[in-house]
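Colleague: Hey, dropping entry.tsv in here, TSV, C-alpha atoms and all ligand atoms:
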```tsv
chain	number	residue	atom	x	y	z
Q	19	MET	CA	-73.46	-31.16	-73.17
Q	20	SER	CA	-75.88	-31.22	-70.36
Q	21	ILE	CA	-77.87	-28.79	-68.24
Q	22	VAL	CA	-79.34	-29.34	-64.78
Q	23	VAL	CA	-82.43	-27.56	-63.50
Q	24	SER	CA	-83.06	-26.85	-59.81
Q	25	ILE	CA	-86.33	-25.18	-58.77
Q	26	PRO	CA	-88.34	-25.88	-55.61
Q	27	GLY	CA	-91.20	-28.21	-56.63
Q	28	VAL	CA	-91.10	-31.19	-58.99
Q	29	ASP	CA	-93.91	-29.86	-61.20
Q	30	LYS	CA	-92.17	-26.54	-61.80
Q	31	THR	CA	-88.84	-28.29	-62.46
Q	32	ASN	CA	-90.48	-30.58	-65.01
Q	33	TRP	CA	-92.29	-27.63	-66.64
Q	34	TRP	CA	-88.98	-25.82	-67.18
Q	35	ILE	CA	-87.16	-28.97	-68.35
Q	36	GLU	CA	-89.92	-29.64	-70.91
Q	37	GLN	CA	-89.85	-26.08	-72.27
Q	38	LEU	CA	-86.06	-25.86	-72.38
Q	39	GLN	CA	-85.67	-29.28	-73.98
Q	40	ALA	CA	-88.04	-28.30	-76.79
Q	41	LEU	CA	-85.88	-25.26	-77.54
Q	42	MET	CA	-82.52	-26.99	-77.04
Q	43	PRO	CA	-82.87	-30.45	-78.62
Q	44	SER	CA	-79.11	-31.11	-78.80
Q	45	TRP	CA	-78.72	-30.70	-75.03
Q	46	THR	CA	-79.50	-33.21	-72.28
Q	47	ILE	CA	-81.61	-31.38	-69.72
Q	48	ARG	CA	-82.33	-33.05	-66.39
Q	49	SER	CA	-83.31	-32.33	-62.82
Q	50	ILE	CA	-80.41	-31.54	-60.49
Q	51	ASP	CA	-81.66	-34.43	-58.33
Q	52	ASP	CA	-81.04	-36.89	-61.18
Q	53	PRO	CA	-78.23	-35.31	-63.20
Q	54	GLY	CA	-76.80	-38.36	-64.95
Q	55	ASP	CA	-73.10	-37.86	-65.79
Q	56	ALA	CA	-72.14	-34.97	-63.49
Q	57	ASP	CA	-68.97	-34.22	-65.49
Q	58	ALA	CA	-71.05	-33.55	-68.60
Q	59	VAL	CA	-73.02	-30.78	-66.85
Q	60	THR	CA	-71.90	-27.34	-68.05
Q	61	TYR	CA	-74.87	-25.14	-67.04
Q	62	ALA	CA	-77.15	-25.09	-63.99
Q	63	VAL	CA	-80.50	-23.28	-64.27
Q	64	VAL	CA	-81.67	-22.49	-60.75
Q	65	TRP	CA	-84.07	-20.73	-58.43
Q	66	LYS	CA	-83.21	-20.96	-54.71
Q	67	PRO	CA	-80.81	-23.90	-55.07
Q	68	ALA	CA	-79.88	-25.99	-52.03
Q	69	ASP	CA	-76.67	-25.17	-50.18
Q	70	GLY	CA	-73.80	-26.95	-51.93
Q	71	ALA	CA	-75.96	-27.73	-54.97
Q	72	PHE	CA	-73.12	-27.03	-57.44
Q	73	LEU	CA	-70.40	-29.11	-55.77
Q	74	PRO	CA	-70.95	-32.26	-57.88
Q	75	PHE	CA	-70.41	-30.37	-61.16
Q	76	ALA	CA	-66.71	-29.84	-61.86
Q	77	ASN	CA	-67.20	-28.50	-65.41
Q	78	LEU	CA	-69.83	-25.81	-64.87
Q	79	LYS	CA	-69.41	-22.87	-67.25
Q	80	ALA	CA	-72.20	-20.70	-65.85
Q	81	ILE	CA	-75.07	-20.65	-63.39
Q	82	VAL	CA	-78.34	-19.25	-64.71
Q	83	SER	CA	-80.51	-17.52	-62.11
Q	84	LEU	CA	-84.18	-17.92	-62.99
Q	85	GLY	CA	-84.82	-14.35	-62.00
Q	86	ALA	CA	-83.34	-10.88	-61.88
Q	87	GLY	CA	-81.94	-11.34	-58.38
Q	88	ILE	CA	-78.83	-13.43	-57.72
Q	89	ASP	CA	-78.98	-13.30	-53.91
Q	90	HIS	CA	-80.48	-16.81	-53.83
Q	91	VAL	CA	-77.36	-18.12	-55.64
Q	92	LEU	CA	-74.86	-16.08	-53.61
Q	93	ALA	CA	-76.50	-17.43	-50.43
Q	94	ASP	CA	-74.90	-20.82	-51.15
Q	95	THR	CA	-72.07	-21.09	-48.62
Q	96	LYS	CA	-70.24	-23.56	-50.88
Q	97	LEU	CA	-70.73	-21.62	-54.12
Q	98	PRO	CA	-67.78	-21.91	-56.53
Q	99	ARG	CA	-67.24	-18.13	-56.69
Q	100	GLN	CA	-65.42	-18.10	-60.04
Q	101	ILE	CA	-68.44	-19.39	-62.00
Q	102	PRO	CA	-70.27	-16.58	-63.87
Q	103	ILE	CA	-73.93	-16.01	-62.94
Q	104	ILE	CA	-76.40	-15.08	-65.70
Q	105	ARG	CA	-79.57	-13.21	-64.71
Q	106	THR	CA	-82.85	-13.95	-66.49
Q	107	VAL	CA	-84.56	-10.70	-67.36
Q	108	GLY	CA	-86.65	-9.50	-70.27
Q	109	THR	CA	-89.63	-7.51	-71.39
Q	110	ASP	CA	-92.21	-9.76	-69.66
Q	111	LEU	CA	-90.46	-9.34	-66.30
Q	112	THR	CA	-90.26	-5.59	-66.75
Q	113	GLN	CA	-93.88	-5.32	-67.94
Q	114	ARG	CA	-95.21	-7.31	-64.98
Q	115	MET	CA	-93.21	-5.17	-62.56
Q	116	ARG	CA	-94.53	-1.99	-64.18
Q	117	GLU	CA	-98.09	-3.30	-63.67
Q	118	TYR	CA	-97.55	-4.33	-60.04
Q	119	VAL	CA	-95.89	-1.08	-59.01
Q	120	ALA	CA	-98.52	1.05	-60.80
Q	121	LEU	CA	-101.35	-0.98	-59.20
Q	122	HIS	CA	-100.06	-0.63	-55.65
Q	123	VAL	CA	-98.82	2.94	-55.90
Q	124	LEU	CA	-102.25	3.95	-57.24
Q	125	SER	CA	-103.90	1.99	-54.44
Q	126	HIS	CA	-101.84	3.83	-51.81
Q	127	HIS	CA	-102.29	7.15	-53.58
Q	128	ARG	CA	-106.10	6.84	-53.75
Q	129	ASP	CA	-106.23	5.20	-50.26
Q	130	MET	CA	-107.97	2.06	-51.47
Q	131	PRO	CA	-107.40	0.26	-48.13
Q	132	THR	CA	-109.59	2.88	-46.37
Q	133	ILE	CA	-112.19	2.81	-49.16
Q	134	SER	CA	-112.39	-1.00	-48.91
Q	135	ALA	CA	-112.73	-0.82	-45.10
Q	136	ASN	CA	-115.49	1.78	-45.53
Q	137	GLN	CA	-117.32	-0.52	-47.93
Q	138	ARG	CA	-117.16	-3.38	-45.43
Q	139	ALA	CA	-118.62	-0.96	-42.81
Q	140	ARG	CA	-121.27	0.28	-45.33
Q	141	GLN	CA	-119.93	3.81	-44.97
Q	142	TRP	CA	-120.23	6.37	-47.79
Q	143	LYS	CA	-117.20	8.64	-47.30
Q	144	GLN	CA	-115.78	10.64	-50.16
Q	145	LEU	CA	-112.02	10.87	-49.63
Q	146	VAL	CA	-110.26	13.72	-51.36
Q	147	VAL	CA	-106.64	13.08	-52.30
Q	148	PRO	CA	-104.26	15.28	-54.26
Q	149	PRO	CA	-103.76	14.58	-57.96
Q	150	ALA	CA	-100.76	12.40	-58.80
Q	151	THR	CA	-98.83	15.47	-59.91
Q	152	ASP	CA	-98.78	16.56	-56.26
Q	153	ARG	CA	-97.85	13.12	-54.92
Q	154	PRO	CA	-94.09	12.48	-54.76
Q	155	VAL	CA	-93.26	8.80	-55.21
Q	156	GLY	CA	-89.72	7.48	-54.79
Q	157	VAL	CA	-88.16	4.34	-56.24
Q	158	MET	CA	-85.09	2.84	-54.54
Q	159	GLY	CA	-83.02	1.05	-57.19
Q	160	LEU	CA	-82.98	2.32	-60.76
Q	161	GLY	CA	-81.88	-0.80	-62.62
Q	162	ASN	CA	-83.89	-2.72	-65.22
Q	163	LEU	CA	-86.97	-2.91	-63.05
Q	164	GLY	CA	-86.69	0.25	-60.94
Q	165	SER	CA	-86.17	2.50	-63.94
Q	166	ALA	CA	-89.11	0.89	-65.79
Q	167	ALA	CA	-91.34	1.25	-62.72
Q	168	ALA	CA	-90.28	4.87	-62.23
Q	169	SER	CA	-90.97	5.73	-65.88
Q	170	THR	CA	-94.43	4.15	-65.62
Q	171	LEU	CA	-95.22	6.20	-62.50
Q	172	SER	CA	-93.99	9.33	-64.23
Q	173	ALA	CA	-96.19	8.55	-67.26
Q	174	LEU	CA	-99.17	8.26	-64.88
Q	175	GLY	CA	-98.42	11.81	-63.77
Q	176	PHE	CA	-96.72	11.18	-60.42
Q	177	GLU	CA	-93.92	13.41	-59.30
Q	178	THR	CA	-91.29	10.66	-59.50
Q	179	LEU	CA	-87.96	10.43	-57.71
Q	180	GLY	CA	-85.35	7.71	-57.90
Q	181	TRP	CA	-82.31	6.67	-55.87
Q	182	SER	CA	-79.43	4.45	-56.93
Q	183	ARG	CA	-75.84	3.67	-55.93
Q	184	THR	CA	-74.35	5.59	-58.85
Q	185	GLN	CA	-75.90	8.62	-60.54
Q	186	ARG	CA	-78.53	7.78	-63.19
Q	187	GLU	CA	-80.27	10.04	-65.66
Q	188	ILE	CA	-83.83	9.05	-66.59
Q	189	GLU	CA	-86.21	11.35	-68.42
Q	190	GLY	CA	-88.94	12.67	-66.16
Q	191	ILE	CA	-87.35	11.35	-62.95
Q	192	THR	CA	-85.53	13.41	-60.33
Q	193	THR	CA	-82.59	11.22	-59.44
Q	194	PHE	CA	-80.47	10.95	-56.30
Q	195	ALA	CA	-77.39	8.80	-55.71
Q	196	GLY	CA	-75.49	7.23	-52.84
Q	197	ASP	CA	-75.53	7.73	-49.09
Q	198	ALA	CA	-74.92	11.49	-49.40
Q	199	GLU	CA	-78.25	12.10	-51.16
Q	200	PHE	CA	-80.32	9.44	-49.44
Q	201	ALA	CA	-81.90	11.64	-46.74
Q	202	ALA	CA	-82.85	14.36	-49.27
Q	203	PHE	CA	-84.54	11.68	-51.41
Q	204	LEU	CA	-86.40	10.06	-48.51
Q	205	GLY	CA	-87.60	13.39	-47.13
Q	206	ARG	CA	-89.80	13.85	-50.21
Q	207	CYS	CA	-91.21	10.35	-50.75
Q	208	GLU	CA	-94.87	10.06	-49.74
Q	209	ILE	CA	-94.89	6.60	-51.31
Q	210	LEU	CA	-91.64	4.62	-51.32
Q	211	VAL	CA	-91.02	1.62	-53.58
Q	212	CYS	CA	-88.05	-0.66	-52.85
Q	213	LEU	CA	-86.64	-2.31	-55.97
Q	214	LEU	CA	-83.10	-2.83	-54.74
Q	215	PRO	CA	-81.13	-6.05	-55.03
Q	216	LEU	CA	-80.30	-7.77	-51.74
Q	217	THR	CA	-76.63	-7.14	-50.89
Q	218	ASP	CA	-74.67	-6.53	-47.69
Q	219	ALA	CA	-75.24	-2.79	-48.21
Q	220	THR	CA	-79.01	-3.06	-48.65
Q	221	THR	CA	-79.92	-5.73	-46.07
Q	222	GLY	CA	-82.16	-4.16	-43.41
Q	223	ILE	CA	-82.31	-0.83	-45.26
Q	224	LEU	CA	-86.09	-0.50	-44.68
Q	225	ASN	CA	-85.70	0.18	-40.96
Q	226	ALA	CA	-86.84	2.60	-38.23
Q	227	GLU	CA	-84.22	5.19	-39.16
Q	228	LEU	CA	-85.37	5.23	-42.79
Q	229	PHE	CA	-89.08	5.34	-41.88
Q	230	ALA	CA	-88.42	8.35	-39.61
Q	231	LYS	CA	-86.94	10.24	-42.57
Q	232	LEU	CA	-90.08	9.82	-44.72
Q	233	PRO	CA	-92.89	12.40	-44.51
Q	234	LYS	CA	-95.34	11.45	-41.74
Q	235	GLY	CA	-98.05	9.10	-43.01
Q	236	ALA	CA	-95.97	7.84	-45.96
Q	237	SER	CA	-96.46	4.33	-47.28
Q	238	VAL	CA	-94.00	1.68	-48.37
Q	239	ILE	CA	-94.05	-0.98	-51.08
Q	240	ASN	CA	-91.36	-3.66	-50.84
Q	241	VAL	CA	-90.83	-5.64	-54.03
Q	242	GLY	CA	-87.09	-6.13	-53.57
Q	243	ARG	CA	-86.39	-8.88	-51.06
Q	244	GLY	CA	-87.77	-9.75	-47.60
Q	245	PRO	CA	-84.49	-9.08	-45.76
Q	246	HIS	CA	-84.51	-5.46	-46.98
Q	247	LEU	CA	-87.16	-4.94	-44.32
Q	248	VAL	CA	-86.80	-5.01	-40.53
Q	249	ASP	CA	-90.22	-6.49	-39.79
Q	250	ASP	CA	-90.55	-5.19	-36.22
Q	251	ASP	CA	-89.56	-1.67	-37.29
Q	252	LEU	CA	-92.36	-1.68	-39.87
Q	253	LEU	CA	-94.92	-2.79	-37.27
Q	254	ALA	CA	-93.74	-0.04	-34.88
Q	255	ALA	CA	-93.87	2.63	-37.63
Q	256	LEU	CA	-97.44	1.60	-38.54
Q	257	ASP	CA	-98.46	1.59	-34.85
Q	258	SER	CA	-97.11	5.12	-34.36
Q	259	SER	CA	-98.75	6.27	-37.64
Q	260	GLN	CA	-95.38	7.40	-38.98
Q	261	LEU	CA	-96.37	5.05	-41.83
Q	262	SER	CA	-99.94	4.66	-43.05
Q	263	HIS	CA	-99.73	1.43	-45.05
Q	264	ALA	CA	-97.32	-1.12	-46.47
Q	265	THR	CA	-97.57	-3.50	-49.40
Q	266	LEU	CA	-95.18	-6.42	-49.15
Q	267	ASP	CA	-94.47	-8.92	-51.91
Q	268	VAL	CA	-91.31	-10.46	-50.46
Q	269	PHE	CA	-90.50	-11.85	-47.02
Q	270	HIS	CA	-87.66	-13.16	-44.86
Q	271	VAL	CA	-89.24	-16.62	-45.03
Q	272	GLU	CA	-91.29	-17.61	-48.09
Q	273	PRO	CA	-94.00	-18.79	-48.06
Q	274	LEU	CA	-94.80	-16.31	-45.27
Q	275	PRO	CA	-95.52	-18.49	-42.19
Q	276	SER	CA	-99.24	-18.61	-41.35
Q	277	GLU	CA	-98.67	-17.24	-37.82
Q	278	HIS	CA	-96.80	-14.14	-39.05
Q	279	PRO	CA	-98.46	-10.87	-37.90
Q	280	PHE	CA	-98.27	-9.37	-41.41
Q	281	TRP	CA	-101.06	-11.67	-42.64
Q	282	SER	CA	-103.75	-10.08	-40.48
Q	283	HIS	CA	-102.42	-6.55	-40.03
Q	284	PRO	CA	-105.13	-4.09	-41.13
Q	285	ARG	CA	-102.59	-1.77	-42.75
Q	286	ILE	CA	-100.43	-4.32	-44.51
Q	287	THR	CA	-101.21	-5.81	-47.92
Q	288	VAL	CA	-99.48	-9.15	-48.47
Q	289	THR	CA	-98.90	-10.60	-51.94
Q	290	PRO	CA	-97.07	-13.94	-52.41
Q	291	HIS	CA	-93.93	-12.86	-54.33
Q	292	ILE	CA	-95.87	-12.40	-57.54
Q	293	ALA	CA	-94.92	-8.85	-58.50
Q	294	SER	CA	-93.10	-10.17	-61.52
Q	295	LEU	CA	-92.72	-13.87	-62.15
Q	296	ILE	CA	-90.96	-15.54	-65.05
Q	297	ASP	CA	-93.02	-18.30	-66.62
Q	298	ALA	CA	-91.39	-21.29	-68.31
Q	299	PRO	CA	-92.80	-20.76	-71.84
Q	300	THR	CA	-91.37	-17.24	-72.10
Q	301	GLY	CA	-88.49	-17.53	-69.66
Q	302	SER	CA	-87.06	-20.64	-71.30
Q	303	ARG	CA	-86.59	-18.70	-74.55
Q	304	ILE	CA	-84.47	-16.14	-72.68
Q	305	VAL	CA	-82.52	-18.85	-70.84
Q	306	ALA	CA	-81.88	-20.81	-74.05
Q	307	ALA	CA	-80.75	-17.68	-75.92
Q	308	ASN	CA	-78.42	-16.71	-73.06
Q	309	ILE	CA	-76.86	-20.19	-72.81
Q	310	GLU	CA	-76.37	-20.40	-76.58
Q	311	ARG	CA	-74.79	-16.95	-76.69
Q	312	PHE	CA	-72.58	-17.73	-73.69
Q	313	GLU	CA	-71.41	-20.91	-75.49
Q	314	ARG	CA	-70.50	-18.85	-78.57
Q	315	GLU	CA	-69.10	-15.68	-77.02
Q	316	GLY	CA	-68.26	-16.53	-73.40
Q	317	ASN	CA	-70.32	-13.53	-72.31
Q	318	VAL	CA	-73.89	-12.17	-72.28
Q	319	PRO	CA	-75.30	-8.72	-71.44
Q	320	ASP	CA	-77.27	-10.22	-68.52
Q	321	LEU	CA	-74.17	-11.35	-66.64
Q	322	ALA	CA	-74.33	-10.37	-62.96
Q	323	ASP	CA	-71.42	-8.90	-61.08
Q	324	ALA	CA	-70.98	-11.32	-58.18
Q	325	GLU	CA	-68.43	-9.05	-56.44
Q	326	ARG	CA	-70.95	-6.17	-56.45
Q	327	GLY	CA	-73.69	-8.63	-55.45
Q	328	TYR	CA	-76.16	-7.85	-58.27
P	401	LIG	P1	-80.56	-4.21	-61.40
P	401	LIG	O1	-79.31	-4.92	-61.03
P	401	LIG	O2	-80.84	-3.96	-62.83
P	401	LIG	O3	-80.60	-2.79	-60.65
P	401	LIG	C1	-80.30	-2.64	-59.30
P	401	LIG	C2	-80.42	-1.17	-58.93
P	401	LIG	O4	-80.22	-1.04	-57.52
P	401	LIG	C3	-79.36	-0.29	-59.61
P	401	LIG	O5	-79.92	0.95	-59.97
P	401	LIG	C4	-78.31	-0.11	-58.50
P	401	LIG	O6	-77.56	1.08	-58.57
P	401	LIG	C5	-79.21	-0.06	-57.28
P	401	LIG	N1	-78.44	-0.38	-56.07
P	401	LIG	C6	-77.75	-1.49	-55.78
P	401	LIG	N2	-77.14	-1.39	-54.59
P	401	LIG	C7	-77.44	-0.16	-54.12
P	401	LIG	C8	-77.09	0.56	-52.96
P	401	LIG	N3	-76.29	0.04	-52.03
P	401	LIG	N4	-77.56	1.80	-52.81
P	401	LIG	C9	-78.36	2.36	-53.76
P	401	LIG	N5	-78.74	1.74	-54.90
P	401	LIG	C10	-78.27	0.50	-55.08
P	401	LIG	O7	-81.74	-5.02	-60.72
P	401	LIG	P2	-83.24	-5.24	-61.26
P	401	LIG	O8	-83.87	-3.91	-61.45
P	401	LIG	O9	-83.24	-6.19	-62.39
P	401	LIG	O10	-83.88	-6.00	-59.99
P	401	LIG	C11	-83.86	-5.42	-58.71
P	401	LIG	C12	-84.33	-6.43	-57.69
P	401	LIG	O11	-85.74	-6.61	-57.78
P	401	LIG	C13	-83.80	-7.85	-57.82
P	401	LIG	O12	-82.48	-7.95	-57.33
P	401	LIG	C14	-84.78	-8.62	-56.98
P	401	LIG	O13	-84.37	-8.62	-55.63
P	401	LIG	C15	-86.08	-7.82	-57.12
P	401	LIG	N6	-87.09	-8.53	-57.91
P	401	LIG	C16	-88.29	-8.82	-57.33
P	401	LIG	C17	-89.28	-9.44	-58.04
P	401	LIG	C18	-90.59	-9.72	-57.43
P	401	LIG	O14	-91.42	-10.37	-58.08
P	401	LIG	N7	-90.87	-9.26	-56.24
P	401	LIG	C19	-89.07	-9.83	-59.45
P	401	LIG	C20	-87.78	-9.48	-59.96
P	401	LIG	C21	-86.82	-8.86	-59.20
P	401	LIG	P3	-76.62	1.39	-59.84
P	401	LIG	O15	-77.61	1.78	-60.93
P	401	LIG	O16	-75.80	2.52	-59.40
P	401	LIG	O17	-75.87	0.13	-60.14
P	402	LIG	C1	-86.53	-12.25	-59.35
P	402	LIG	C2	-87.73	-12.54	-58.58
P	402	LIG	O1	-85.46	-11.98	-58.79
P	402	LIG	O2	-88.69	-13.11	-59.15
P	402	LIG	O3	-86.63	-12.29	-60.60
P	402	LIG	O4	-87.79	-12.20	-57.40
```
Go ahead and express the file in the form of structure tokens.
Ligand code: NDP
Ligand code: OXD

Modeller:
Amino acid sequence: MSIVVSIPGVDKTNWWIEQLQALMPSWTIRSIDDPGDADAVTYAVVWKPADGAFLPFANLKAIVSLGAGIDHVLADTKLPRQIPIIRTVGTDLTQRMREYVALHVLSHHRDMPTISANQRARQWKQLVVPPATDRPVGVMGLGNLGSAAASTLSALGFETLGWSRTQREIEGITTFAGDAEFAAFLGRCEILVCLLPLTDATTGILNAELFAKLPKGASVINVGRGPHLVDDDLLAALDSSQLSHATLDVFHVEPLPSEHPFWSHPRITVTPHIASLIDAPTGSRIVAANIERFEREGNVPDLADAERGY
């Protein structure tokens, strides 16, 4: 009965091993780089595992993604496709995402970037913006995180819209579904939040064509994944003032390379993939509970659908 942990960075790996071991004393929990008896390994707990990371483990029962997204697991070209993938989600993840989305939507809504620039220039300019009730904000992706973010925005008073693959009903949110309703949704979003999973269908979805469908001067917040965004299309849309601002938490390459133009762009806010992180003390409780339940029942509610890609 053994579990391997694979997370970039020795300190983080050790942090998770320590926390998990305390909760699961009957299990042997080791780094994937020093797994001991590979045949005894039945679970792998991972964030951005190396390509082929699972090949040594013939008796894996499940792979645990240390996050809501499973794209980093599916990216493995040698992934044993039949192994179930368990997502790690929970109230902390949802709460942190609610906070991040509220913070940045409010910042766009009240034009904080301009107010901060005015302060640096010692300029007293009173900007008048509409109340939130007259500011339509759209959330792409209405899953665990998107629906929580949308409900938070609605509670703040924003006119809130949401778009998903299949039709969803969420109190206080005007919902749209699928390709057929995408343009109608986009046409109303003055602030657009991307909380989609990364799949073949959503890669590159934040592109020139989409930006052109938003009201002129709209802003974009990408908290999904870096490859949702076509970087050059964003820069062009900001240059032409079709978009006024973007907040980006996720990038094609992370950490964002120091020479990347996003770092110094006056109308881009960069955050280092911190919208909603899972910490080991809380996250390990969710991981341990999921593994123990999977052992007992062969299933957990947080199982991802690898065919669907999320
Ligand atoms: P869920 O799987 O719970 O929800 C995904 C949502 O996206 C669903 O509403 C789904 O539609 C919708 N969706 C999927 N594909 C499409 C499509 N082709 N067209 C329209 N809608 C689509 O995911 P979570 O809410 O838990 O997480 C979403 C993503 O957020 C993660 O995959 C990850 O990439 C990102 N994330 C980022 C973090 C950060 O710190 N920046 C932290 C955590 C997650 P339907 O409802 O019809 O299935
Ligand atoms: C996640 C993330 O997928 O942190 O949970 O990005």

Colleague: Mind listing the residues within 6 Å of ligand LIG 401 (chain P), only C-alpha atoms and all ligand atoms counted, as number ranges by chain?

Modeller: Q: 86-87, 159-164, 182-184, 196, 213-216, 219-220, 241-243, 267-268, 291-295, 328

Colleague: To one decimal place, how far is CA of Thr178 in chain Q from CA of Val157 in chain Q in Å?

Modeller: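 For CA of Thr178 in chain Q relative to CA of Val157 in chain Q, the distance reads 7.8 Å.
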
Colleague: Do you have the CA of Pro74 in chain Q-CA of Met42 in chain Q distance handy?

Modeller: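 Those two atoms sit 23.0 Å apart.
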
Colleague: Would you mind telling me which residue in Q:Ser276, Q:Ala76, Q:Gly175, Q:Gly85 lies nearest to Gly108 in chain Q when using only C-alpha atoms?

Modeller: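 Checking each candidate against Gly108 in chain Q, we get Q:Gly85 as the closest.
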
Colleague: Which residues come within 8 Å of Ala236 in chain Q, counting only C-alpha atoms, excluding same-chain residues fewer than 2 positions away, as a list in words?

Modeller: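 In the requested format, the answer is Cys207, Glu208, Ile209, Leu210, Leu232, Pro233, Lys234, Val238, Gln260, Leu261, Ser262 and His263 of chain Q.
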
Colleague: My list of candidates is Q:Phe312, Q:Phe269, Q:Trp142, Q:Phe72. Which is closest to ligand LIG 402 (chain P) when distances are computed with all atoms listed in the file?

Modeller: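 With all atoms listed in the file as the atom set, the closest residue is Q:Phe269.
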
Colleague: With distances taken over all atoms listed in the file, which of Q:Gln185, Q:Asn308, Q:Ser125, Q:Thr60 is nearest to Val147 in chain Q?

Modeller: Q:Ser125

Colleague: Hey, can you check how far CA of Leu84 in chain Q sits from CA of Ile25 in chain Q?

Modeller: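 Pair CA of Leu84 in chain Q / CA of Ile25 in chain Q returns 8.7 Å.
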
Colleague: Please return, as a ChimeraX atom specification, all polymer residues that have at least one atom within 12 Å of the point (-102.6, -4.3, -46.4); use all atoms listed in the file and the file's own coordinate frame.

Modeller: /Q:122,125-126,129-132,134-135,237-239,256,262-267,279-289

Colleague: Using only C-alpha atoms, which protein or nucleic acid residues come within 10 Å of Gln100 in chain Q? Drop anything in the same chain fewer than 3 positions from it, and give the result as a PyMOL selection string.

Modeller: chain Q and resi 79-80+97+103+324

Colleague: Reconstruct range 98-110 of chain Q at the level of N, CA, C and O atoms, and format the result as a PDB file, in the frame of the given file.

Modeller:
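Okay, this is what ended up in result09.pdb:
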```
ATOM      1  N   PRO Q  98     -69.066 -22.149 -55.868  1.00  0.00           N
ATOM      2  CA  PRO Q  98     -67.780 -21.910 -56.530  1.00  0.00           C
ATOM      3  C   PRO Q  98     -67.794 -20.488 -57.095  1.00  0.00           C
ATOM      4  O   PRO Q  98     -68.451 -20.209 -58.092  1.00  0.00           O
ATOM      5  N   ARG Q  99     -67.097 -19.573 -56.432  1.00  0.00           N
ATOM      6  CA  ARG Q  99     -67.240 -18.130 -56.690  1.00  0.00           C
ATOM      7  C   ARG Q  99     -66.777 -17.697 -58.080  1.00  0.00           C
ATOM      8  O   ARG Q  99     -67.149 -16.619 -58.545  1.00  0.00           O
ATOM      9  N   GLN Q 100     -65.946 -18.527 -58.725  1.00  0.00           N
ATOM     10  CA  GLN Q 100     -65.420 -18.100 -60.040  1.00  0.00           C
ATOM     11  C   GLN Q 100     -66.416 -18.337 -61.170  1.00  0.00           C
ATOM     12  O   GLN Q 100     -66.232 -17.855 -62.276  1.00  0.00           O
ATOM     13  N   ILE Q 101     -67.496 -19.069 -60.917  1.00  0.00           N
ATOM     14  CA  ILE Q 101     -68.440 -19.390 -62.000  1.00  0.00           C
ATOM     15  C   ILE Q 101     -69.334 -18.176 -62.282  1.00  0.00           C
ATOM     16  O   ILE Q 101     -69.984 -17.658 -61.364  1.00  0.00           O
ATOM     17  N   PRO Q 102     -69.401 -17.724 -63.535  1.00  0.00           N
ATOM     18  CA  PRO Q 102     -70.270 -16.580 -63.870  1.00  0.00           C
ATOM     19  C   PRO Q 102     -71.746 -16.894 -63.581  1.00  0.00           C
ATOM     20  O   PRO Q 102     -72.178 -18.047 -63.705  1.00  0.00           O
ATOM     21  N   ILE Q 103     -72.486 -15.854 -63.206  1.00  0.00           N
ATOM     22  CA  ILE Q 103     -73.930 -16.010 -62.940  1.00  0.00           C
ATOM     23  C   ILE Q 103     -74.684 -15.146 -63.959  1.00  0.00           C
ATOM     24  O   ILE Q 103     -74.425 -13.942 -64.083  1.00  0.00           O
ATOM     25  N   ILE Q 104     -75.605 -15.792 -64.685  1.00  0.00           N
ATOM     26  CA  ILE Q 104     -76.400 -15.080 -65.700  1.00  0.00           C
ATOM     27  C   ILE Q 104     -77.785 -14.813 -65.121  1.00  0.00           C
ATOM     28  O   ILE Q 104     -78.455 -15.730 -64.643  1.00  0.00           O
ATOM     29  N   ARG Q 105     -78.214 -13.563 -65.149  1.00  0.00           N
ATOM     30  CA  ARG Q 105     -79.570 -13.210 -64.710  1.00  0.00           C
ATOM     31  C   ARG Q 105     -80.561 -13.524 -65.831  1.00  0.00           C
ATOM     32  O   ARG Q 105     -80.200 -13.494 -67.003  1.00  0.00           O
ATOM     33  N   THR Q 106     -81.815 -13.780 -65.462  1.00  0.00           N
ATOM     34  CA  THR Q 106     -82.850 -13.950 -66.490  1.00  0.00           C
ATOM     35  C   THR Q 106     -83.803 -12.769 -66.379  1.00  0.00           C
ATOM     36  O   THR Q 106     -84.534 -12.631 -65.394  1.00  0.00           O
ATOM     37  N   VAL Q 107     -83.713 -11.901 -67.361  1.00  0.00           N
ATOM     38  CA  VAL Q 107     -84.560 -10.700 -67.360  1.00  0.00           C
ATOM     39  C   VAL Q 107     -85.192 -10.596 -68.747  1.00  0.00           C
ATOM     40  O   VAL Q 107     -84.916 -11.407 -69.606  1.00  0.00           O
ATOM     41  N   GLY Q 108     -86.040  -9.631 -68.939  1.00  0.00           N
ATOM     42  CA  GLY Q 108     -86.650  -9.500 -70.270  1.00  0.00           C
ATOM     43  C   GLY Q 108     -87.895  -8.646 -70.183  1.00  0.00           C
ATOM     44  O   GLY Q 108     -88.280  -8.176 -69.105  1.00  0.00           O
ATOM     45  N   THR Q 109     -88.516  -8.470 -71.332  1.00  0.00           N
ATOM     46  CA  THR Q 109     -89.630  -7.510 -71.390  1.00  0.00           C
ATOM     47  C   THR Q 109     -90.837  -7.973 -70.562  1.00  0.00           C
ATOM     48  O   THR Q 109     -91.551  -7.141 -70.015  1.00  0.00           O
ATOM     49  N   ASP Q 110     -91.065  -9.297 -70.467  1.00  0.00           N
ATOM     50  CA  ASP Q 110     -92.210  -9.760 -69.660  1.00  0.00           C
ATOM     51  C   ASP Q 110     -92.018  -9.402 -68.190  1.00  0.00           C
ATOM     52  O   ASP Q 110     -92.944  -8.959 -67.508  1.00  0.00           O
TER      53      ASP Q 110
END
```
